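S.K.: Have a peek at entry.txt (compact mmCIF, C-alpha atoms and all ligand atoms).
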```
# COMPACT_ATOMS: atom_id res chain seq x y z
CA MET U 267 0.00 0.00 0.00
CA ARG U 268 1.14 3.54 -0.67
CA VAL U 269 -0.34 6.63 0.98
CA THR U 270 0.45 10.07 -0.43
CA ILE U 271 -0.58 13.23 1.36
CA LEU U 272 -1.32 15.89 -1.23
CA ALA U 273 -2.41 18.55 1.30
CA SER U 274 -2.99 18.63 5.06
CA GLY U 275 -4.27 21.57 7.09
CA SER U 276 -7.15 23.99 7.49
CA ARG U 277 -6.72 25.33 3.92
CA GLY U 278 -7.44 21.96 2.31
CA ASN U 279 -7.03 18.21 2.80
CA SER U 280 -6.53 15.41 0.27
CA THR U 281 -4.73 12.09 0.54
CA LEU U 282 -4.24 9.41 -2.11
CA VAL U 283 -4.42 5.78 -0.92
CA GLU U 284 -3.29 3.05 -3.31
CA GLY U 285 -3.53 -0.65 -2.49
CA GLY U 286 -5.18 -3.90 -3.49
CA GLY U 287 -5.34 -2.67 -7.07
CA ALA U 288 -7.46 0.37 -6.12
CA ARG U 289 -6.66 4.08 -6.01
CA LEU U 290 -8.76 6.26 -3.71
CA LEU U 291 -8.68 9.94 -2.95
CA ILE U 292 -9.60 10.69 0.66
CA ASP U 293 -11.23 14.12 0.86
CA ALA U 294 -11.32 16.73 -1.86
CA GLY U 295 -10.11 19.95 -0.30
CA LEU U 296 -8.24 21.30 -3.34
CA PRO U 297 -9.26 21.80 -6.99
CA PRO U 298 -8.52 18.84 -9.28
CA SER U 299 -5.91 20.78 -11.31
CA GLU U 300 -3.92 21.50 -8.15
CA LEU U 301 -4.21 17.88 -6.98
CA GLU U 302 -2.93 16.73 -10.39
CA ARG U 303 0.00 19.13 -10.13
CA ARG U 304 0.88 17.86 -6.66
CA ALA U 305 0.50 14.19 -7.66
CA MET U 306 2.87 14.78 -10.58
CA SER U 307 5.48 16.34 -8.33
CA ALA U 308 5.11 13.68 -5.59
CA LEU U 309 4.77 10.55 -7.72
CA GLY U 310 5.82 11.54 -11.24
CA GLU U 311 2.45 10.42 -12.57
CA PRO U 312 -1.00 12.02 -12.89
CA LEU U 313 -3.98 10.95 -10.81
CA GLY U 314 -6.02 10.29 -13.95
CA LYS U 315 -9.04 8.09 -13.34
CA LEU U 316 -9.62 7.09 -9.70
CA ASP U 317 -11.69 4.24 -8.23
CA GLY U 318 -13.36 6.44 -5.63
CA ILE U 319 -13.31 9.60 -3.57
CA VAL U 320 -14.05 8.99 0.11
CA LEU U 321 -15.24 11.97 2.15
CA THR U 322 -14.60 11.97 5.90
CA HIS U 323 -16.96 14.85 6.81
CA ALA U 324 -18.65 17.93 5.40
CA HIS U 325 -16.25 20.72 6.29
CA GLY U 326 -15.07 22.90 3.42
CA ASP U 327 -11.38 22.02 3.86
CA HIS U 328 -12.34 18.36 3.13
CA VAL U 329 -15.25 18.54 0.68
CA GLY U 330 -14.92 21.98 -0.92
CA HIS U 331 -13.99 20.55 -4.34
CA ALA U 332 -15.78 17.18 -4.19
CA GLY U 333 -18.02 17.76 -7.22
CA PRO U 334 -15.28 18.96 -9.61
CA CYS U 335 -12.92 16.21 -8.37
CA ALA U 336 -15.57 13.52 -8.96
CA THR U 337 -16.02 14.78 -12.52
CA ALA U 338 -12.32 15.26 -13.27
CA PHE U 339 -11.26 11.87 -11.86
CA GLU U 340 -14.40 10.04 -13.10
CA ALA U 341 -14.86 8.62 -9.61
CA PRO U 342 -17.90 7.84 -7.46
CA VAL U 343 -17.98 9.71 -4.14
CA TYR U 344 -18.30 7.54 -1.01
CA LEU U 345 -19.81 9.37 1.95
CA THR U 346 -22.02 8.88 4.99
CA GLU U 347 -25.68 9.85 4.90
CA ALA U 348 -24.97 12.73 7.32
CA THR U 349 -22.29 14.12 4.99
CA ARG U 350 -24.53 13.65 1.94
CA ARG U 351 -27.25 15.77 3.59
CA SER U 352 -24.90 18.63 4.42
CA ALA U 353 -25.51 21.98 2.83
CA GLN U 354 -21.72 22.32 2.44
CA LEU U 355 -21.75 19.71 -0.28
CA GLY U 356 -22.49 20.77 -3.85
CA SER U 357 -24.00 18.43 -6.39
CA LEU U 358 -22.16 15.18 -7.06
CA PRO U 359 -22.30 13.23 -10.34
CA MET U 360 -22.22 9.83 -8.61
CA SER U 361 -22.39 9.00 -4.90
CA ARG U 362 -22.45 5.89 -2.72
CA VAL U 363 -23.47 6.02 0.92
CA PHE U 364 -21.62 3.99 3.57
CA GLY U 365 -22.51 3.52 7.25
CA PRO U 366 -20.15 5.21 9.73
CA ARG U 367 -19.33 1.80 11.25
CA ALA U 368 -19.73 -0.36 8.13
CA PRO U 369 -16.57 -1.58 6.38
CA PHE U 370 -16.61 -1.59 2.57
CA ALA U 371 -14.18 -2.63 -0.13
CA ILE U 372 -13.15 -0.99 -3.37
CA GLY U 373 -11.26 -3.57 -5.38
CA GLY U 374 -8.83 -5.26 -2.98
CA LEU U 375 -8.67 -2.25 -0.68
CA GLU U 376 -10.84 -2.45 2.42
CA VAL U 377 -12.00 0.75 4.14
CA ARG U 378 -13.10 0.49 7.77
CA PRO U 379 -14.78 3.65 9.06
CA HIS U 380 -15.36 4.54 12.69
CA PRO U 381 -17.23 7.62 13.98
CA VAL U 382 -15.23 10.20 15.94
CA PRO U 383 -16.39 13.31 17.87
CA HIS U 384 -16.25 16.53 15.82
CA ASP U 385 -18.64 19.39 15.07
CA ALA U 386 -19.72 17.66 11.85
CA PRO U 387 -20.39 13.89 11.70
CA GLN U 388 -16.89 12.55 11.04
CA VAL U 389 -15.19 9.18 10.53
CA ALA U 390 -11.70 7.87 11.12
CA LEU U 391 -10.66 5.41 8.40
CA VAL U 392 -8.56 2.26 8.55
CA PHE U 393 -7.26 0.95 5.19
CA ALA U 394 -6.36 -2.71 4.72
CA ALA U 395 -4.76 -4.33 1.67
CA GLY U 396 -3.34 -7.80 2.22
CA GLU U 397 -1.45 -7.61 5.53
CA ALA U 398 -0.77 -3.86 5.26
CA ARG U 399 -2.75 -1.52 7.55
CA ALA U 400 -2.85 2.26 7.69
CA ALA U 401 -5.26 4.68 9.35
CA LEU U 402 -6.24 8.30 8.81
CA VAL U 403 -7.52 10.05 11.95
CA THR U 404 -8.05 13.82 11.81
CA ASP U 405 -10.68 16.36 12.83
CA LEU U 406 -11.70 14.96 16.22
CA GLY U 407 -12.13 16.55 19.61
CA TRP U 408 -10.84 13.68 21.69
CA VAL U 409 -9.76 10.05 21.42
CA HIS U 410 -12.16 7.57 22.96
CA ARG U 411 -11.35 4.02 23.97
CA GLU U 412 -13.44 2.54 21.16
CA LEU U 413 -11.32 4.37 18.61
CA ILE U 414 -8.11 3.02 20.14
CA GLU U 415 -9.52 -0.50 19.78
CA HIS U 416 -10.50 0.25 16.17
CA LEU U 417 -6.91 1.32 15.45
CA ARG U 418 -5.18 -1.69 17.04
CA GLY U 419 -2.91 -3.51 14.60
CA VAL U 420 -2.39 -0.46 12.40
CA GLY U 421 1.32 0.00 11.69
CA THR U 422 1.13 3.36 9.93
CA LEU U 423 -0.94 6.05 11.58
CA PHE U 424 -1.80 9.43 10.07
CA ILE U 425 -3.07 11.37 13.10
CA GLU U 426 -4.07 14.92 13.80
CA ALA U 427 -1.77 17.16 15.89
CA ASN U 428 -3.77 20.34 15.48
CA HIS U 429 -2.74 22.71 18.23
CA GLU U 430 -0.70 23.46 21.31
CA PRO U 431 -3.16 24.73 23.95
CA THR U 432 -0.97 27.63 25.12
CA LEU U 433 -0.48 28.84 21.54
CA LEU U 434 -4.21 28.45 20.85
CA ALA U 435 -5.10 30.49 23.96
CA SER U 436 -2.67 33.30 23.07
CA GLY U 437 -3.19 33.07 19.30
CA PRO U 438 -5.11 35.25 16.83
CA TYR U 439 -8.46 33.38 16.81
CA PRO U 440 -11.57 34.93 18.46
CA PRO U 441 -12.49 33.37 21.84
CA GLU U 442 -15.51 31.45 20.47
CA ILE U 443 -13.36 29.78 17.79
CA GLN U 444 -10.64 28.97 20.34
CA LYS U 445 -13.31 27.37 22.52
CA ARG U 446 -14.65 25.33 19.61
CA ILE U 447 -11.18 24.04 18.62
CA ALA U 448 -10.31 23.04 22.20
CA SER U 449 -13.71 21.42 22.86
CA GLY U 450 -14.61 17.74 22.69
CA ALA U 451 -16.10 18.42 19.24
CA GLY U 452 -13.04 20.31 17.96
CA HIS U 453 -9.50 19.22 17.11
CA LEU U 454 -6.76 17.19 18.81
CA SER U 455 -4.04 18.98 20.75
CA ASN U 456 -0.45 17.73 20.73
CA ALA U 457 -1.01 16.15 24.17
CA GLN U 458 -4.18 14.35 23.05
CA MET U 459 -2.34 13.03 19.98
CA ALA U 460 0.52 11.87 22.24
CA GLY U 461 -1.97 10.06 24.50
CA ALA U 462 -3.25 8.09 21.52
CA LEU U 463 0.30 7.21 20.47
CA THR U 464 1.09 5.95 23.96
CA ALA U 465 -1.96 3.67 23.84
CA LEU U 466 -1.07 2.34 20.38
CA ALA U 467 2.74 2.35 20.61
CA PRO U 468 3.50 -1.40 20.68
CA GLY U 469 2.15 -1.88 17.14
CA LEU U 470 3.21 1.37 15.51
CA GLU U 471 5.97 1.68 12.91
CA ASN U 472 5.23 4.99 11.20
CA VAL U 473 3.45 8.04 12.55
CA ILE U 474 2.60 11.03 10.40
CA LEU U 475 1.35 14.14 12.17
CA MET U 476 -1.50 15.80 10.27
CA HIS U 477 -3.68 18.92 10.11
CA LEU U 478 -1.25 21.11 12.09
CA SER U 479 -2.64 24.59 12.65
CA GLN U 480 -0.38 27.22 11.18
CA ALA U 481 -1.63 29.77 13.73
CA ASN U 482 -1.83 27.57 16.84
CA ASN U 483 0.97 25.02 16.60
CA GLU U 484 4.65 24.62 15.78
CA PRO U 485 5.98 21.51 14.02
CA HIS U 486 8.77 21.09 16.60
CA LEU U 487 6.24 21.06 19.46
CA ALA U 488 4.09 18.43 17.75
CA ARG U 489 7.17 16.33 17.00
CA ARG U 490 8.47 16.59 20.56
CA ALA U 491 5.11 15.46 22.00
CA ALA U 492 5.10 12.44 19.64
CA GLU U 493 8.75 11.59 20.40
CA ARG U 494 8.09 11.61 24.13
CA ALA U 495 5.11 9.29 23.72
CA LEU U 496 7.15 6.88 21.58
CA VAL U 497 10.51 7.15 23.35
CA ARG U 498 10.72 3.43 24.08
CA HIS U 499 9.64 2.35 20.62
CA GLN U 500 11.18 2.32 17.19
CA VAL U 501 8.74 4.47 15.29
CA GLU U 502 9.48 6.89 12.47
CA ILE U 503 7.75 10.25 12.96
CA ARG U 504 7.02 12.60 10.07
CA ILE U 505 5.02 15.79 9.74
CA ALA U 506 2.59 16.59 6.92
CA ALA U 507 2.34 20.14 5.63
CA GLN U 508 -0.30 22.25 3.95
CA ASP U 509 1.67 22.86 0.78
CA GLU U 510 4.07 19.91 0.61
CA THR U 511 3.41 16.35 -0.46
CA LEU U 512 4.54 13.28 1.46
CA SER U 513 4.45 9.69 0.22
CA VAL U 514 4.62 6.74 2.63
CA GLU U 515 5.02 3.05 1.70
CA VAL U 516 2.99 0.80 4.00
CA GLY U 517 4.11 -2.82 4.23
CA PRO U 518 2.98 -5.79 6.31
CA PRO U 519 3.58 -5.51 10.08
CA ARG U 520 7.27 -5.60 11.04
CA GLY U 521 6.86 -8.78 13.12
CA GLN U 522 5.77 -10.66 10.01
CA LEU U 523 8.78 -9.51 7.99
CA SER U 524 11.54 -10.14 10.51
CA LEU U 525 10.70 -13.43 12.20
CA GLY U 526 12.78 -14.36 15.19
CA ILE U 527 14.27 -10.96 16.03
CA PRO U 528 13.79 -10.40 19.77
CA GLY U 529 11.90 -7.26 20.71
CA CYS U 530 10.39 -6.77 17.28
CA ALA U 531 7.04 -8.38 18.01
ZN ZN Q 601 -10.25 19.81 8.67
ZN ZN Q 602 -13.47 19.36 10.28
```
Could you quickly redo this structure as structure tokens?
Ligand SMILES: [Zn+2]
Ligand SMILES: [Zn+2]
M.R.:
Amino acid sequence: MRVTILASGSRGNSTLVEGGGARLLIDAGLPPSELERRAMSALGEPLGKLDGIVLTHAHGDHVGHAGPCATAFEAPVYLTEATRRSAQLGSLPMSRVFGPRAPFAIGGLEVRPHPVPHDAPQVALVFAAGEARAALVTDLGWVHRELIEHLRGVGTLFIEANHEPTLLASGPYPPEIQKRIASGAGHLSNAQMAGALTALAPGLENVILMHLSQANNEPHLARRAAERALVRHQVEIRIAAQDETLSVEVGPPRGQLSLGIPGCA
């Protein structure tokens, strides 16, 4: 499986997931021409025709270009009923509704959604192709135990590290927006992200920090929180950016590749 972040942050989100013979775009937060340009620079090949566009939730930075992307990439849009009903969503040429807890497959790529708390109905997604597992978890106010159980066994985790509370409190946003971001229906802080990593650490191999706020976070603070949580584990930590692409190869779990090496289970 290969996962390529084309954009991550409050000005637009889109990630390409390729595996099991299928190619899916997760969220459509940028115009198709810009996504094509970024795919060319990241992968050396155009997006062309896709097998699906999966929407996580109906906020503009995730669905703002869903209709044009569906047309340009000739792809059906997969979304929950709550997202489909949202006024934020323009008209779509072709859509398929999935349940927020109902796994579905596109080709040999399985998508396992799980609802998470946010101020629009939102899902975290686990992707499975063969033995490879990756998960995309952004736009959530807090991490509940059920989500941790849903993410068990995932080796590569793309997880939100939205803000540092002290920077949020002293930052440029009006008080009501600050309150919304910090609430249980807002976004994950660095400490909340670190708590999730601590709970999942034994199985993690790659962590990619996502959806960092440019106004209310600093990459080095997010990285330090993740490093502290994973200090006893061999996990590669990377940071996604709004205007840079990042491609990650996702293989089978390490334990299945290197049999017999102590401490690698
Ligand atoms: Zn967002
Ligand atoms: Zn959102």
S.K.: Within 6 Å of ligand ZN 601 (chain Q), counting all atoms listed in the file, which protein or nucleic acid residues do you find, written as a PyMOL selection string?
M.R.: chain U and resi 276+327+405
S.K.: May I have the residues within 7 Å of stretch 307-311 of chain U as a PyMOL selection string, using only C-alpha atoms and disregarding those fewer than 3 positions away in the same chain?
M.R.: chain U and resi 303-304+511
S.K.: With distances taken over all atoms listed in the file, which of U:Gly437, U:Leu454, U:Thr337, U:Ala288 is nearest to ligand ZN 602 (chain Q)?
M.R.: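 Checking each candidate against ligand ZN 602 (chain Q), we get U:Leu454 as the closest.
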S.K.: Hey, which of U:Ala460, U:Ala465, U:Asp293, U:Glu515 ends up closest to U:Arg494? Count all atoms listed in the file.
M.R.: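 Residue with the minimum atom-to-atom distance to U:Arg494: U:Ala460.
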S.K.: Could I get the residue neighbourhood of ligand ZN 602 (chain Q) at 9 Å, counting only C-alpha atoms and all ligand atoms, as an mmCIF file with C-alpha atoms, in the frame of the given file?
M.R.:
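pocket01.cif, written as the output of this step:
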```
data_model
loop_
_atom_site.group_PDB
_atom_site.id
_atom_site.type_symbol
_atom_site.label_atom_id
_atom_site.label_comp_id
_atom_site.auth_asym_id
_atom_site.auth_seq_id
_atom_site.Cartn_x
_atom_site.Cartn_y
_atom_site.Cartn_z
ATOM 1 C CA SER U 276 -7.150 23.990 7.490
ATOM 2 C CA THR U 322 -14.600 11.970 5.900
ATOM 3 C CA HIS U 323 -16.960 14.850 6.810
ATOM 4 C CA ALA U 324 -18.650 17.930 5.400
ATOM 5 C CA HIS U 325 -16.250 20.720 6.290
ATOM 6 C CA GLY U 326 -15.070 22.900 3.420
ATOM 7 C CA ASP U 327 -11.380 22.020 3.860
ATOM 8 C CA HIS U 328 -12.340 18.360 3.130
ATOM 9 C CA HIS U 384 -16.250 16.530 15.820
ATOM 10 C CA ASP U 385 -18.640 19.390 15.070
ATOM 11 C CA ALA U 386 -19.720 17.660 11.850
ATOM 12 C CA PRO U 387 -20.390 13.890 11.700
ATOM 13 C CA GLN U 388 -16.890 12.550 11.040
ATOM 14 C CA THR U 404 -8.050 13.820 11.810
ATOM 15 C CA ASP U 405 -10.680 16.360 12.830
ATOM 16 C CA LEU U 406 -11.700 14.960 16.220
ATOM 17 C CA GLY U 452 -13.040 20.310 17.960
ATOM 18 C CA HIS U 453 -9.500 19.220 17.110
#
```
S.K.: Can you pull out the residues contacting U:Ala427? Cut-off 6 Å, using only C-alpha atoms, and skip same-chain residues under 6 positions away; I want them as a PyMOL selection string.
M.R.: chain U and resi 454-456+459+475-476+478
S.K.: May I have the residues within 9 Å of U:Glu284 as a PyMOL selection string, using only C-alpha atoms and disregarding those fewer than 2 positions away in the same chain?
M.R.: chain U and resi 267-270+282+286-291+375
S.K.: Please indicate the distance in Å from atom CA of U:Val392 to atom CA of U:Ile425, rounded to one decimal place.
M.R.: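 Going from atom CA of U:Val392 over to atom CA of U:Ile425 covers 11.6 Å.
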S.K.: For each of U:Arg418, U:His410, U:Ser436, U:Ser513, take the minimum atom-to-atom distance to U:Val283, counting only C-alpha atoms, then give the residue where this is smallest.
M.R.: U:Ser513
S.K.: Between U:Gly333, U:Val363, U:Thr349, U:Leu321, which residue has the minimum interatomic distance to U:Ala390, considering all atoms listed in the file?
M.R.: U:Leu321
S.K.: One decimal, Å: what's the distance from atom CA of U:Gly407 over to atom CA of U:Gln458, could you say?
M.R.: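 Computing the Euclidean distance for atom CA of U:Gly407 and atom CA of U:Gln458 yields 8.9 Å.
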S.K.: Go through U:Gly330, U:Pro519, U:Gly275, U:Pro312 and flag the residue nearest U:Leu296, using only C-alpha atoms for the distances.
M.R.: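 Result for the nearest residue to U:Leu296: U:Gly330.
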S.K.: Smallest atom-to-atom distance to U:Val420: which of U:Ala451, U:Leu355, U:Val320, U:Leu466, using all atoms listed in the file?
M.R.: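 Selected residue with least distance to U:Val420: U:Leu466.
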S.K.: Excluding same-chain residues fewer than 4 positions from U:Gly314, what lies within 9 Å of it counting all atoms listed in the file, as a VMD selection string?
M.R.: chain U and resid 302 338 to 340
S.K.: Only C-alpha atoms, please: the residues just picked out, written as a PDB file, keeping the file's coordinate frame.
M.R.:
```pdb
ATOM      1  CA  GLU U 302      -2.930  16.730 -10.390  1.00  0.00           C
ATOM      2  CA  ALA U 338     -12.320  15.260 -13.270  1.00  0.00           C
ATOM      3  CA  PHE U 339     -11.260  11.870 -11.860  1.00  0.00           C
ATOM      4  CA  GLU U 340     -14.400  10.040 -13.100  1.00  0.00           C
TER       5      GLU U 340
END
```
S.K.: How far is it from atom CA of U:Leu496 to atom CA of U:Pro468, in Å with one decimal?
M.R.: 9.1 Å
S.K.: Pull out stretch 430-467 of chain U, keep N, CA and C atoms, and write it as an mmCIF file, in the first residue's frame.
M.R.:
```cif
data_model
loop_
_atom_site.group_PDB
_atom_site.id
_atom_site.type_symbol
_atom_site.label_atom_id
_atom_site.label_comp_id
_atom_site.auth_asym_id
_atom_site.auth_seq_id
_atom_site.Cartn_x
_atom_site.Cartn_y
_atom_site.Cartn_z
ATOM 1 N N GLU U 430 -1.298 23.455 19.983
ATOM 2 C CA GLU U 430 -0.696 23.459 21.314
ATOM 3 C C GLU U 430 -1.564 24.405 22.150
ATOM 4 N N PRO U 431 -2.170 23.914 23.233
ATOM 5 C CA PRO U 431 -3.158 24.728 23.951
ATOM 6 C C PRO U 431 -2.676 26.131 24.323
ATOM 7 N N THR U 432 -1.425 26.285 24.739
ATOM 8 C CA THR U 432 -0.965 27.632 25.125
ATOM 9 C C THR U 432 -0.909 28.555 23.908
ATOM 10 N N LEU U 433 -0.511 28.017 22.754
ATOM 11 C CA LEU U 433 -0.477 28.841 21.536
ATOM 12 C C LEU U 433 -1.901 29.170 21.072
ATOM 13 N N LEU U 434 -2.811 28.203 21.220
ATOM 14 C CA LEU U 434 -4.211 28.453 20.849
ATOM 15 C C LEU U 434 -4.785 29.589 21.707
ATOM 16 N N ALA U 435 -4.532 29.509 23.023
ATOM 17 C CA ALA U 435 -5.102 30.492 23.957
ATOM 18 C C ALA U 435 -4.538 31.897 23.716
ATOM 19 N N SER U 436 -3.281 31.976 23.272
ATOM 20 C CA SER U 436 -2.668 33.298 23.075
ATOM 21 C C SER U 436 -2.642 33.689 21.593
ATOM 22 N N GLY U 437 -3.272 32.864 20.746
ATOM 23 C CA GLY U 437 -3.194 33.069 19.296
ATOM 24 C C GLY U 437 -4.216 34.064 18.769
ATOM 25 N N PRO U 438 -4.303 34.194 17.444
ATOM 26 C CA PRO U 438 -5.108 35.247 16.831
ATOM 27 C C PRO U 438 -6.610 34.944 16.717
ATOM 28 N N TYR U 439 -7.055 33.721 17.045
ATOM 29 C CA TYR U 439 -8.458 33.383 16.810
ATOM 30 C C TYR U 439 -9.369 34.023 17.853
ATOM 31 N N PRO U 440 -10.606 34.409 17.479
ATOM 32 C CA PRO U 440 -11.569 34.927 18.461
ATOM 33 C C PRO U 440 -11.887 33.865 19.512
ATOM 34 N N PRO U 441 -12.266 34.316 20.733
ATOM 35 C CA PRO U 441 -12.495 33.373 21.845
ATOM 36 C C PRO U 441 -13.461 32.240 21.506
ATOM 37 N N GLU U 442 -14.534 32.534 20.737
ATOM 38 C CA GLU U 442 -15.510 31.448 20.475
ATOM 39 C C GLU U 442 -14.901 30.377 19.559
ATOM 40 N N ILE U 443 -14.015 30.774 18.661
ATOM 41 C CA ILE U 443 -13.356 29.778 17.790
ATOM 42 C C ILE U 443 -12.330 28.984 18.609
ATOM 43 N N GLN U 444 -11.597 29.675 19.478
ATOM 44 C CA GLN U 444 -10.640 28.974 20.344
ATOM 45 C C GLN U 444 -11.359 27.904 21.156
ATOM 46 N N LYS U 445 -12.531 28.291 21.685
ATOM 47 C CA LYS U 445 -13.311 27.373 22.521
ATOM 48 C C LYS U 445 -13.745 26.152 21.702
ATOM 49 N N ARG U 446 -14.190 26.416 20.489
ATOM 50 C CA ARG U 446 -14.648 25.334 19.611
ATOM 51 C C ARG U 446 -13.497 24.366 19.298
ATOM 52 N N ILE U 447 -12.324 24.894 18.980
ATOM 53 C CA ILE U 447 -11.183 24.039 18.624
ATOM 54 C C ILE U 447 -10.771 23.169 19.810
ATOM 55 N N ALA U 448 -10.768 23.773 21.013
ATOM 56 C CA ALA U 448 -10.308 23.041 22.202
ATOM 57 C C ALA U 448 -11.367 22.099 22.763
ATOM 58 N N SER U 449 -12.616 22.201 22.276
ATOM 59 C CA SER U 449 -13.713 21.416 22.855
ATOM 60 C C SER U 449 -13.656 19.953 22.424
ATOM 61 N N GLY U 450 -14.522 19.157 23.038
ATOM 62 C CA GLY U 450 -14.612 17.740 22.693
ATOM 63 C C GLY U 450 -15.144 17.489 21.295
ATOM 64 N N ALA U 451 -15.637 18.539 20.625
ATOM 65 C CA ALA U 451 -16.099 18.416 19.236
ATOM 66 C C ALA U 451 -15.193 19.218 18.298
ATOM 67 N N GLY U 452 -13.953 19.485 18.762
ATOM 68 C CA GLY U 452 -13.043 20.309 17.960
ATOM 69 C C GLY U 452 -11.925 19.501 17.336
ATOM 70 N N HIS U 453 -10.697 19.831 17.725
ATOM 71 C CA HIS U 453 -9.502 19.221 17.110
ATOM 72 C C HIS U 453 -8.545 18.722 18.194
ATOM 73 N N LEU U 454 -7.692 17.758 17.836
ATOM 74 C CA LEU U 454 -6.756 17.189 18.808
ATOM 75 C C LEU U 454 -5.585 18.124 19.082
ATOM 76 N N SER U 455 -5.265 18.260 20.362
ATOM 77 C CA SER U 455 -4.043 18.975 20.750
ATOM 78 C C SER U 455 -2.856 18.018 20.622
ATOM 79 N N ASN U 456 -1.653 18.578 20.760
ATOM 80 C CA ASN U 456 -0.454 17.730 20.734
ATOM 81 C C ASN U 456 -0.507 16.686 21.853
ATOM 82 N N ALA U 457 -0.966 17.090 23.043
ATOM 83 C CA ALA U 457 -1.008 16.149 24.170
ATOM 84 C C ALA U 457 -2.036 15.041 23.927
ATOM 85 N N GLN U 458 -3.160 15.387 23.345
ATOM 86 C CA GLN U 458 -4.176 14.352 23.045
ATOM 87 C C GLN U 458 -3.644 13.374 22.005
ATOM 88 N N MET U 459 -2.965 13.901 20.980
ATOM 89 C CA MET U 459 -2.337 13.035 19.982
ATOM 90 C C MET U 459 -1.333 12.103 20.661
ATOM 91 N N ALA U 460 -0.508 12.671 21.558
ATOM 92 C CA ALA U 460 0.515 11.871 22.240
ATOM 93 C C ALA U 460 -0.132 10.768 23.085
ATOM 94 N N GLY U 461 -1.262 11.074 23.717
ATOM 95 C CA GLY U 461 -1.970 10.059 24.504
ATOM 96 C C GLY U 461 -2.394 8.881 23.638
ATOM 97 N N ALA U 462 -2.865 9.172 22.436
ATOM 98 C CA ALA U 462 -3.254 8.091 21.520
ATOM 99 C C ALA U 462 -2.032 7.275 21.107
ATOM 100 N N LEU U 463 -0.915 7.939 20.864
ATOM 101 C CA LEU U 463 0.296 7.207 20.466
ATOM 102 C C LEU U 463 0.767 6.286 21.595
ATOM 103 N N THR U 464 0.689 6.777 22.825
ATOM 104 C CA THR U 464 1.090 5.951 23.962
ATOM 105 C C THR U 464 0.242 4.674 24.001
ATOM 106 N N ALA U 465 -1.055 4.830 23.784
ATOM 107 C CA ALA U 465 -1.959 3.671 23.842
ATOM 108 C C ALA U 465 -1.701 2.691 22.703
ATOM 109 N N LEU U 466 -1.231 3.189 21.569
ATOM 110 C CA LEU U 466 -1.069 2.337 20.381
ATOM 111 C C LEU U 466 0.373 1.934 20.123
ATOM 112 N N ALA U 467 1.306 2.450 20.925
ATOM 113 C CA ALA U 467 2.738 2.353 20.611
ATOM 114 C C ALA U 467 3.247 0.957 20.253
#
```
